[in-house]
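Structure data follow from work01.cif (mmCIF, C-alpha atoms and all ligand atoms):
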data_work
#
loop_
_atom_site.label_atom_id
_atom_site.label_comp_id
_atom_site.auth_asym_id
_atom_site.auth_seq_id
_atom_site.Cartn_x
_atom_site.Cartn_y
_atom_site.Cartn_z
CA MET A 308 87.86 61.19 -61.75
CA ILE A 309 84.53 59.76 -62.87
CA PRO A 310 81.82 62.43 -62.33
CA THR A 311 79.50 60.22 -60.29
CA LEU A 312 82.01 59.40 -57.55
CA ARG A 313 80.64 61.47 -54.68
CA ARG A 314 80.31 58.89 -51.93
CA ILE A 315 82.02 55.54 -51.43
CA GLY A 316 81.44 52.76 -48.93
CA VAL A 317 84.14 50.74 -47.20
CA PHE A 318 83.84 47.46 -45.33
CA THR A 319 85.86 44.52 -44.05
CA SER A 320 84.68 40.97 -44.60
CA GLY A 321 85.75 37.39 -43.80
CA GLY A 322 88.48 36.72 -41.23
CA ASP A 323 90.03 39.86 -39.76
CA GLY A 324 93.75 40.58 -39.98
CA PRO A 325 96.13 43.05 -38.31
CA GLY A 326 96.63 46.00 -40.64
CA MET A 327 93.00 46.23 -41.74
CA ASN A 328 92.59 49.36 -39.63
CA ALA A 329 95.52 50.97 -41.42
CA ALA A 330 93.76 50.21 -44.71
CA ILE A 331 90.43 51.64 -43.48
CA ARG A 332 92.24 54.79 -42.33
CA ALA A 333 93.93 55.14 -45.70
CA VAL A 334 90.68 54.66 -47.63
CA VAL A 335 88.84 57.22 -45.52
CA ARG A 336 91.57 59.84 -45.59
CA THR A 337 92.39 59.43 -49.29
CA ALA A 338 88.73 59.86 -50.13
CA VAL A 339 88.30 62.89 -47.86
CA TYR A 340 91.50 64.41 -49.28
CA ASN A 341 89.93 64.14 -52.72
CA GLY A 342 86.55 65.53 -51.70
CA ILE A 343 84.74 62.18 -51.66
CA GLU A 344 82.43 61.26 -48.78
CA VAL A 345 82.88 57.91 -47.02
CA VAL A 346 80.34 55.62 -45.45
CA GLY A 347 81.61 52.86 -43.17
CA ILE A 348 79.60 49.67 -43.54
CA LEU A 349 79.65 47.54 -40.39
CA SER A 350 80.13 43.76 -40.26
CA GLY A 351 80.84 43.22 -43.96
CA TYR A 352 78.11 41.99 -46.30
CA GLU A 353 75.95 41.26 -43.27
CA GLY A 354 75.88 44.99 -42.43
CA LEU A 355 75.12 45.80 -46.04
CA ILE A 356 72.01 43.62 -45.84
CA ARG A 357 71.02 44.96 -42.40
CA ASN A 358 71.73 48.53 -43.54
CA GLU A 359 74.27 49.17 -40.77
CA MET A 360 76.21 52.14 -42.08
CA ARG A 361 77.46 55.46 -40.84
CA PRO A 362 79.44 58.38 -42.27
CA PHE A 363 83.19 58.34 -41.63
CA GLY A 364 85.30 61.49 -41.55
CA ALA A 365 89.07 61.89 -41.32
CA ARG A 366 88.99 62.10 -37.51
CA ASP A 367 86.89 58.93 -37.17
CA VAL A 368 89.95 56.92 -38.14
CA SER A 369 92.39 58.58 -35.73
CA ASN A 370 94.38 56.37 -33.40
CA ILE A 371 93.42 53.07 -35.02
CA LEU A 372 96.31 52.00 -37.24
CA GLN A 373 98.30 50.47 -34.39
CA HIS A 374 95.44 48.16 -33.36
CA GLY A 375 94.66 44.66 -34.60
CA GLY A 376 91.15 43.61 -35.64
CA THR A 377 88.90 45.92 -37.64
CA ILE A 378 86.97 48.90 -36.28
CA LEU A 379 84.32 48.17 -38.94
CA ARG A 380 83.91 44.66 -37.56
CA THR A 381 83.58 41.71 -39.90
CA ALA A 382 81.44 38.65 -40.59
CA ARG A 383 81.09 35.62 -42.81
CA SER A 384 77.63 36.34 -44.22
CA GLU A 385 75.28 33.50 -45.05
CA GLY A 386 72.56 35.92 -46.23
CA PHE A 387 74.78 37.39 -48.94
CA ARG A 388 75.23 33.94 -50.51
CA ARG A 389 71.57 34.11 -51.53
CA PRO A 390 70.43 36.31 -54.47
CA GLU A 391 67.70 37.88 -52.29
CA GLY A 392 70.35 38.99 -49.79
CA ARG A 393 72.39 40.62 -52.55
CA THR A 394 69.29 42.38 -53.90
CA VAL A 395 68.60 43.90 -50.47
CA ALA A 396 72.28 44.91 -50.16
CA ALA A 397 72.26 46.64 -53.57
CA ALA A 398 69.01 48.47 -52.75
CA ASN A 399 70.53 49.70 -49.46
CA LEU A 400 73.59 50.96 -51.35
CA ARG A 401 71.44 52.86 -53.82
CA ALA A 402 69.31 54.36 -51.03
CA ALA A 403 72.47 55.54 -49.23
CA GLY A 404 73.74 57.19 -52.43
CA ILE A 405 76.89 55.09 -52.45
CA ASP A 406 78.52 55.12 -55.90
CA ALA A 407 81.24 52.54 -55.30
CA LEU A 408 82.74 50.24 -52.67
CA VAL A 409 86.11 49.33 -51.25
CA ALA A 410 85.95 45.72 -50.01
CA ILE A 411 88.74 44.60 -47.69
CA GLY A 412 88.96 40.81 -47.36
CA GLY A 413 89.89 37.53 -49.00
CA ASP A 414 88.67 35.35 -51.86
CA GLY A 415 85.16 34.94 -50.42
CA THR A 416 84.85 38.70 -50.17
CA PHE A 417 85.87 39.15 -53.80
CA ALA A 418 83.57 36.36 -55.01
CA GLY A 419 80.75 38.32 -53.33
CA ALA A 420 81.93 41.57 -54.92
CA LEU A 421 81.90 39.95 -58.34
CA LEU A 422 78.27 38.88 -57.89
CA LEU A 423 77.33 42.36 -56.74
CA GLU A 424 78.91 43.80 -59.86
CA LYS A 425 77.37 41.26 -62.26
CA GLU A 426 73.87 41.25 -60.79
CA HIS A 427 73.52 44.88 -59.68
CA ASP A 428 76.23 46.82 -61.53
CA VAL A 429 78.00 47.92 -58.33
CA ALA A 430 81.58 49.18 -58.75
CA VAL A 431 83.94 47.50 -56.29
CA ILE A 432 87.68 47.63 -55.77
CA GLY A 433 89.14 45.00 -53.43
CA VAL A 434 91.95 45.26 -50.91
CA PRO A 435 93.58 41.92 -49.98
CA GLY A 436 93.09 41.42 -46.26
CA THR A 437 93.62 37.92 -44.90
CA ILE A 438 96.31 36.41 -42.70
CA ASP A 439 96.51 33.46 -45.12
CA ASN A 440 98.36 35.34 -47.92
CA ASP A 441 96.77 32.93 -50.39
CA LEU A 442 95.59 35.49 -52.96
CA ARG A 443 97.06 35.84 -56.41
CA GLY A 444 97.76 39.36 -57.63
CA THR A 445 99.67 40.55 -54.58
CA ASP A 446 102.93 39.50 -52.99
CA LEU A 447 101.47 39.99 -49.51
CA THR A 448 98.01 40.23 -48.04
CA ILE A 449 97.29 42.45 -45.04
CA GLY A 450 97.78 40.51 -41.80
CA PHE A 451 100.10 37.75 -43.00
CA ASP A 452 103.32 39.34 -41.79
CA THR A 453 101.91 40.03 -38.31
CA ALA A 454 100.32 36.58 -38.02
CA VAL A 455 103.55 34.82 -38.97
CA ASN A 456 105.58 36.95 -36.57
CA THR A 457 103.11 36.24 -33.77
CA ALA A 458 103.22 32.51 -34.44
CA VAL A 459 107.01 32.55 -34.71
CA GLY A 460 107.25 34.21 -31.26
CA ALA A 461 105.12 31.40 -29.81
CA ILE A 462 107.03 28.64 -31.61
CA ASP A 463 110.39 30.02 -30.41
CA ARG A 464 109.07 29.63 -26.86
CA ILE A 465 107.91 26.12 -27.62
CA ARG A 466 111.40 25.29 -28.90
CA ASP A 467 112.88 26.31 -25.52
CA THR A 468 110.79 23.78 -23.65
CA ALA A 469 110.99 21.17 -26.44
CA SER A 470 114.78 21.11 -26.33
CA SER A 471 114.90 21.13 -22.51
CA HIS A 472 112.73 18.00 -22.43
CA ASP A 473 113.98 16.33 -25.63
CA ARG A 474 110.45 16.35 -26.98
CA LEU A 475 108.72 16.30 -30.33
CA PHE A 476 106.14 19.06 -30.69
CA PHE A 477 103.38 19.31 -33.23
CA VAL A 478 102.38 22.96 -33.56
CA GLU A 479 99.21 23.76 -35.46
CA VAL A 480 98.97 27.12 -37.18
CA MET A 481 96.10 28.71 -39.10
CA GLY A 482 95.41 28.06 -42.77
CA ARG A 483 92.31 26.08 -43.64
CA ASN A 484 93.13 25.99 -47.33
CA SER A 485 96.65 27.35 -47.43
CA GLY A 486 100.01 26.23 -46.06
CA LEU A 487 101.74 29.59 -46.48
CA ILE A 488 101.61 30.54 -42.80
CA ALA A 489 102.85 27.06 -41.89
CA LEU A 490 105.71 27.08 -44.39
CA HIS A 491 106.92 30.55 -43.40
CA CYS A 492 106.69 29.68 -39.70
CA ALA A 493 108.63 26.47 -40.31
CA LEU A 494 111.41 28.27 -42.16
CA ALA A 495 111.61 31.09 -39.63
CA THR A 496 111.79 28.80 -36.59
CA GLY A 497 114.04 26.09 -37.97
CA ALA A 498 111.27 23.49 -37.72
CA GLU A 499 112.09 19.97 -38.83
CA TYR A 500 109.02 19.40 -40.99
CA VAL A 501 105.88 21.08 -42.29
CA MET A 502 102.52 19.60 -43.21
CA VAL A 503 100.43 21.66 -45.62
CA PRO A 504 97.13 21.19 -47.48
CA GLU A 505 98.75 21.78 -50.88
CA ARG A 506 100.97 18.71 -50.77
CA PRO A 507 99.98 15.07 -50.24
CA GLN A 508 102.08 13.83 -47.32
CA SER A 509 101.75 10.61 -45.37
CA VAL A 510 102.43 9.91 -41.72
CA GLU A 511 104.83 7.19 -42.93
CA GLU A 512 106.87 9.83 -44.74
CA LEU A 513 106.82 12.05 -41.64
CA ALA A 514 107.93 9.12 -39.44
CA THR A 515 110.81 8.32 -41.78
CA VAL A 516 112.10 11.91 -41.67
CA LEU A 517 111.72 12.23 -37.90
CA LEU A 518 113.27 8.82 -37.09
CA ALA A 519 116.21 9.55 -39.38
CA GLY A 520 116.78 12.86 -37.61
CA ALA A 521 116.23 11.53 -34.08
CA ALA A 522 119.81 10.30 -33.81
CA ARG A 523 121.15 13.77 -34.64
CA ARG A 524 118.90 16.04 -32.60
CA SER A 525 117.20 16.09 -29.23
CA SER A 526 114.04 18.05 -29.99
CA SER A 527 111.91 18.33 -33.10
CA ILE A 528 109.13 20.64 -34.18
CA VAL A 529 106.60 19.82 -36.86
CA ILE A 530 104.41 22.69 -38.06
CA VAL A 531 100.97 21.51 -39.17
CA ALA A 532 98.63 23.77 -41.15
CA GLU A 533 95.10 23.61 -39.77
CA GLY A 534 93.82 22.39 -43.14
CA ASP A 535 96.34 19.61 -43.70
CA GLU A 536 94.64 16.59 -45.20
CA GLU A 537 95.95 14.21 -42.49
CA GLY A 538 93.92 16.26 -39.99
CA GLY A 539 95.10 18.91 -37.54
CA ALA A 540 98.08 18.59 -35.21
CA PHE A 541 96.29 16.31 -32.71
CA ALA A 542 95.28 13.89 -35.48
CA VAL A 543 98.79 13.77 -36.96
CA ALA A 544 100.35 13.27 -33.52
CA LYS A 545 97.95 10.39 -32.81
CA LYS A 546 98.77 8.70 -36.10
CA LEU A 547 102.50 9.06 -35.50
CA LYS A 548 102.14 7.51 -32.01
CA GLU A 549 100.43 4.51 -33.61
CA HIS A 550 103.41 4.25 -35.93
CA THR A 551 106.27 4.60 -33.45
CA ASP A 552 106.77 5.05 -29.70
CA ARG A 553 110.20 6.57 -30.21
CA PHE A 554 109.09 10.13 -29.31
CA ASP A 555 107.82 11.99 -26.26
CA ILE A 556 105.12 13.99 -28.07
CA ARG A 557 103.25 17.16 -27.17
CA VAL A 558 100.77 19.17 -29.24
CA SER A 559 100.14 22.90 -29.27
CA VAL A 560 97.38 24.59 -31.28
CA LEU A 561 98.06 28.30 -31.64
CA GLY A 562 94.59 29.20 -32.93
CA HIS A 563 93.12 32.66 -33.17
CA MET A 564 95.88 34.40 -31.21
CA GLN A 565 97.56 34.52 -34.64
CA ARG A 566 94.85 36.80 -36.00
CA GLY A 567 95.08 39.50 -33.31
CA GLY A 568 97.63 41.95 -32.02
CA SER A 569 99.29 45.13 -33.13
CA PRO A 570 100.23 45.03 -36.84
CA THR A 571 103.86 44.98 -37.88
CA VAL A 572 105.35 47.90 -39.81
CA THR A 573 105.02 45.82 -42.98
CA ASP A 574 101.28 45.36 -42.47
CA ARG A 575 100.71 49.00 -41.52
CA ILE A 576 102.45 50.28 -44.64
CA LEU A 577 100.83 47.65 -46.83
CA GLY A 578 97.40 48.68 -45.50
CA ALA A 579 98.18 52.34 -46.16
CA ARG A 580 99.43 51.77 -49.71
CA LEU A 581 96.57 49.48 -50.67
CA GLY A 582 93.92 51.75 -49.14
CA ILE A 583 95.24 54.69 -51.14
CA ALA A 584 95.50 52.56 -54.29
CA ALA A 585 91.90 51.37 -53.97
CA VAL A 586 90.45 54.87 -53.79
CA GLN A 587 92.66 56.06 -56.63
CA ALA A 588 91.50 53.14 -58.75
CA LEU A 589 87.85 54.05 -58.14
CA MET A 590 88.63 57.67 -59.00
CA GLU A 591 90.05 56.47 -62.32
CA GLY A 592 86.84 54.59 -63.02
CA ARG A 593 88.33 51.14 -62.41
CA ARG A 594 86.18 48.39 -60.89
CA GLY A 595 85.85 44.62 -60.46
CA SER A 596 89.49 44.29 -59.44
CA MET A 597 91.77 43.87 -56.46
CA ALA A 598 94.55 46.32 -55.72
CA GLY A 599 97.78 44.51 -54.90
CA ILE A 600 101.48 45.15 -54.61
CA GLN A 601 103.75 43.04 -56.78
CA ASN A 602 107.49 43.70 -56.96
CA ASP A 603 106.90 46.83 -54.88
CA THR A 604 104.55 48.22 -57.52
CA VAL A 605 100.81 48.73 -57.16
CA SER A 606 98.76 46.62 -59.58
CA LEU A 607 95.13 45.76 -60.25
CA THR A 608 94.00 42.19 -60.89
CA ARG A 609 90.49 41.23 -61.98
CA PHE A 610 88.47 39.48 -59.27
CA GLU A 611 87.89 36.51 -61.62
CA GLU A 612 91.63 35.96 -61.81
CA VAL A 613 92.19 36.42 -58.07
CA ILE A 614 89.59 33.84 -57.10
CA ALA A 615 90.26 31.34 -59.92
CA ALA A 616 93.09 29.67 -57.99
CA ARG A 617 95.05 30.12 -54.80
CA LYS A 618 98.60 31.33 -54.66
CA GLU A 619 100.89 28.31 -54.75
CA LEU A 620 103.65 27.39 -52.33
CA ARG A 621 107.06 28.06 -53.82
CA PRO A 622 108.80 24.70 -54.30
CA GLU A 623 112.06 26.52 -53.61
CA LEU A 624 110.91 27.30 -50.07
CA LEU A 625 109.77 23.74 -49.42
CA HIS A 626 113.15 22.56 -50.63
CA ALA A 627 114.89 25.11 -48.41
CA LEU A 628 113.16 23.65 -45.36
CA ALA A 629 114.26 20.13 -46.29
CA VAL A 630 117.86 21.25 -46.80
CA LEU A 631 118.10 23.43 -43.70
CA SER A 632 116.56 20.90 -41.33
CA ILE A 633 119.10 18.12 -41.91
O1 LIG B 701 91.05 34.38 -42.11
C1 LIG B 701 91.67 33.22 -42.51
C2 LIG B 701 91.57 32.22 -41.41
O2 LIG B 701 92.20 32.71 -40.24
C3 LIG B 701 92.11 30.87 -41.77
O3 LIG B 701 93.50 30.76 -41.62
C4 LIG B 701 91.34 29.99 -40.84
O4 LIG B 701 91.28 28.71 -41.35
C5 LIG B 701 90.00 30.64 -40.80
O5 LIG B 701 90.21 31.99 -41.07
C6 LIG B 701 89.27 30.50 -39.50
O6 LIG B 701 88.05 31.17 -39.61
P1 LIG B 701 87.06 31.41 -38.40
O7 LIG B 701 87.67 32.43 -37.49
O8 LIG B 701 85.82 31.92 -39.04
O9 LIG B 701 86.88 30.11 -37.70
#

Show this structure as structure tokens.
Ligand code: F6P
Amino acid sequence: MIPTLRRIGVFTSGGDGPGMNAAIRAVVRTAVYNGIEVVGILSGYEGLIRNEMRPFGARDVSNILQHGGTILRTARSEGFRRPEGRTVAAANLRAAGIDALVAIGGDGTFAGALLLEKEHDVAVIGVPGTIDNDLRGTDLTIGFDTAVNTAVGAIDRIRDTASSHDRLFFVEVMGRNSGLIALHCALATGAEYVMVPERPQSVEELATVLLAGAARRSSSIVIVAEGDEEGGAFAVAKKLKEHTDRFDIRVSVLGHMQRGGSPTVTDRILGARLGIAAVQALMEGRRGSMAGIQNDTVSLTRFEEVIAARKELRPELLHALAVLSI
């Protein structure tokens, strides 16, 4: 343990995700177990700038791990993008006697942590928390499993009505920059097609696939990632209608319901393992890195590497969807 580690801060930042509370609980209790004080920073980097912090003890995180959202609240901070904002944040950390931070969030959160380290020498360990699962250095991010399961429950219901009415449904799922939620939802619901930001796809190509399949099936479901370059589900549906009047089309946008709800067992255990790993890493004097789990083993990956590029879609899974939707 490095001698200066007396008090750590923990915060959540960016989009929330089910399982973040399990991670907060694990951070707080692991620290307390090891004689380290914990300060909870509210509303991410925004709270760091506004100095919204309070001490957290083991009992302050009772009865939270089964709930979605984050008890620390979260924000996408504009102020922290500016050097002056980061200077205020670092001064607040020093004044509060905080030696190191655990930052729970996605790539934006870790880009911020990197700046805090470079400009103000603040030690930060990251915990991957985003429903998008688009971070390198971990097989899963906290929230992805719950979000996909929530979306799959909704899409199964949509399939019931789609097949009763012989309709084509476009279902939009979250993922501004990543098609991972969309691809996993498509595979898990037996969707006919998926549109993702990572792959250039045309409406002509979509029409060809759907028209070829129309003779064999009564209903079809196309999963569209929010960030698909053809536009969201409404835009794709409109373009397809201009192309062919063969289908009775409906659109459903699942939206933020995917980000809430009670975390799955996978997300609870992931949150627990990563929260413990983050505190242990700080105790070993590690910094500037994200704790992840790869092949069921805890690992640390430098923030630079995590944010350099997004996790890619596995071509094997895209191929699986094409094969299984014949
Ligand atoms: O947290 C990730 C995410 O849910 C993306 O999938 C989505 O594009 C984005 O956040 C939406 O962010 P906001 O809630 O700020 O509109």

Grab the atom CA of Phe476 of chain A to atom CA of Ile556 of chain A distance for me, in Å with one decimal place.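 Interatomic distance here is 5.8 Å.
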
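Nearest residue to Asn328 of chain A among A:Val560, A:Ala420, A:Leu312, A:Ile371 is A:Ile371, counting all atoms listed in the file.
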
Would you work out the distance separating atom CA of Leu607 of chain A from atom CA of Gly444 of chain A, expressed in Å to one decimal? 7.4 Å

Test item: residues at most 9 Å from Leu518 of chain A, all atoms listed in the file, excluding those fewer than 4 positions along its chain, as a ChimeraX atom specification: /A:513-514,522,551,553-554

Can you tell me which residues sit at most 9 Å away from ligand LIG 701 (chain B), counting all atoms listed in the file, written as an NGL selection string? :A and (321-324 or 382-383 or 412-413 or 436-440 or 480-485 or 488 or 532-534 or 562-563 or 565-566)

Closest to Ala430 of chain A among A:Gly595, A:Gly460, A:Gly364, A:Gly520, using only C-alpha atoms?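 Among the listed residues, the smallest separation from Ala430 of chain A belongs to A:Gly595.
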
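Atom CA of Ser632 of chain A is found 10.7 Å from atom CA of Val501 of chain A.
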
Close residues, segment 352-361 of chain A itself excluded, 9 Å, all atoms listed in the file, min 2 positions apart in chain, as a ChimeraX atom specification: /A:316,318-320,345-350,363,381-387,392-400,403,416,419

Could you give me, as a CSV table (one decimal) with C-alpha atoms, in the coordinates of the input, the residues within 12 Å of Ile528 of chain A, counting all atoms listed in the file and dropping anything in the same chain fewer than 2 positions from it?
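Result went into out_21.csv, see below:
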chain,number,residue,atom,x,y,z
A,462,ILE,CA,107.0,28.6,-31.6
A,463,ASP,CA,110.4,30.0,-30.4
A,464,ARG,CA,109.1,29.6,-26.9
A,465,ILE,CA,107.9,26.1,-27.6
A,466,ARG,CA,111.4,25.3,-28.9
A,467,ASP,CA,112.9,26.3,-25.5
A,468,THR,CA,110.8,23.8,-23.6
A,469,ALA,CA,111.0,21.2,-26.4
A,470,SER,CA,114.8,21.1,-26.3
A,473,ASP,CA,114.0,16.3,-25.6
A,474,ARG,CA,110.4,16.4,-27.0
A,475,LEU,CA,108.7,16.3,-30.3
A,476,PHE,CA,106.1,19.1,-30.7
A,477,PHE,CA,103.4,19.3,-33.2
A,478,VAL,CA,102.4,23.0,-33.6
A,479,GLU,CA,99.2,23.8,-35.5
A,489,ALA,CA,102.8,27.1,-41.9
A,492,CYS,CA,106.7,29.7,-39.7
A,493,ALA,CA,108.6,26.5,-40.3
A,494,LEU,CA,111.4,28.3,-42.2
A,496,THR,CA,111.8,28.8,-36.6
A,497,GLY,CA,114.0,26.1,-38.0
A,498,ALA,CA,111.3,23.5,-37.7
A,499,GLU,CA,112.1,20.0,-38.8
A,500,TYR,CA,109.0,19.4,-41.0
A,501,VAL,CA,105.9,21.1,-42.3
A,502,MET,CA,102.5,19.6,-43.2
A,513,LEU,CA,106.8,12.0,-41.6
A,516,VAL,CA,112.1,11.9,-41.7
A,517,LEU,CA,111.7,12.2,-37.9
A,520,GLY,CA,116.8,12.9,-37.6
A,521,ALA,CA,116.2,11.5,-34.1
A,524,ARG,CA,118.9,16.0,-32.6
A,525,SER,CA,117.2,16.1,-29.2
A,526,SER,CA,114.0,18.0,-30.0
A,530,ILE,CA,104.4,22.7,-38.1
A,531,VAL,CA,101.0,21.5,-39.2
A,540,ALA,CA,98.1,18.6,-35.2
A,544,ALA,CA,100.4,13.3,-33.5
A,554,PHE,CA,109.1,10.1,-29.3
A,555,ASP,CA,107.8,12.0,-26.3
A,556,ILE,CA,105.1,14.0,-28.1
A,557,ARG,CA,103.2,17.2,-27.2
A,558,VAL,CA,100.8,19.2,-29.2
A,559,SER,CA,100.1,22.9,-29.3
A,632,SER,CA,116.6,20.9,-41.3

Nearest residue to Gly351 of chain A from the set A:Arg366, A:Leu372, A:Ile315, A:Leu408 (distances using all atoms listed in the file):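 The shortest atom-to-atom distance to Gly351 of chain A comes from A:Leu408.
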
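Minimum atom-to-atom distances from A:Val503, A:Leu490, A:Val334, A:Leu581 to Gly538 of chain A were compared using all atoms listed in the file, and the lowest value belongs to A:Val503.
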
Out of A:Val434, A:Ile405, A:Val605, A:Ala330, which residue has the shortest atom-to-atom distance to Arg313 of chain A when counting only C-alpha atoms?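 Using only C-alpha atoms, the shortest distance to Arg313 of chain A belongs to A:Ile405.
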
Closest to Arg389 of chain A among A:Asp574, A:Glu426, A:Asp441, A:Asp406, using all atoms listed in the file?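 Nearest to Arg389 of chain A: A:Glu426.
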
Considering all atoms listed in the file, return as an MDAnalysis selection string whatever protein or nucleic-acid residues lie within 9 Å of segment 597-600 of chain A, sequence-local ones (same chain, fewer than 5 positions apart) excluded. chainID A and resid 410 417 431:435 443:448 577 580:582 584:585 588 605:610 613

Can I get the residues of segment 326-393 of chain A within 10 Å of segment 449-456 of chain A, each with the closest pair of atoms and their distance in Å to one decimal, using all atoms listed in the file, sorted chain first then ascending number, as a tab-separated table?
residue	atom	partner	partner_atom	distance
A:Gly326	CA	A:Ile449	CA	5.7
A:Met327	CA	A:Ile449	CA	6.6
A:Asn328	CA	A:Ile449	CA	10.0
A:Ala329	CA	A:Ile449	CA	9.4
A:Ala330	CA	A:Ile449	CA	8.5
A:Gly375	CA	A:Gly450	CA	8.9
A:Gly376	CA	A:Gly450	CA	9.6
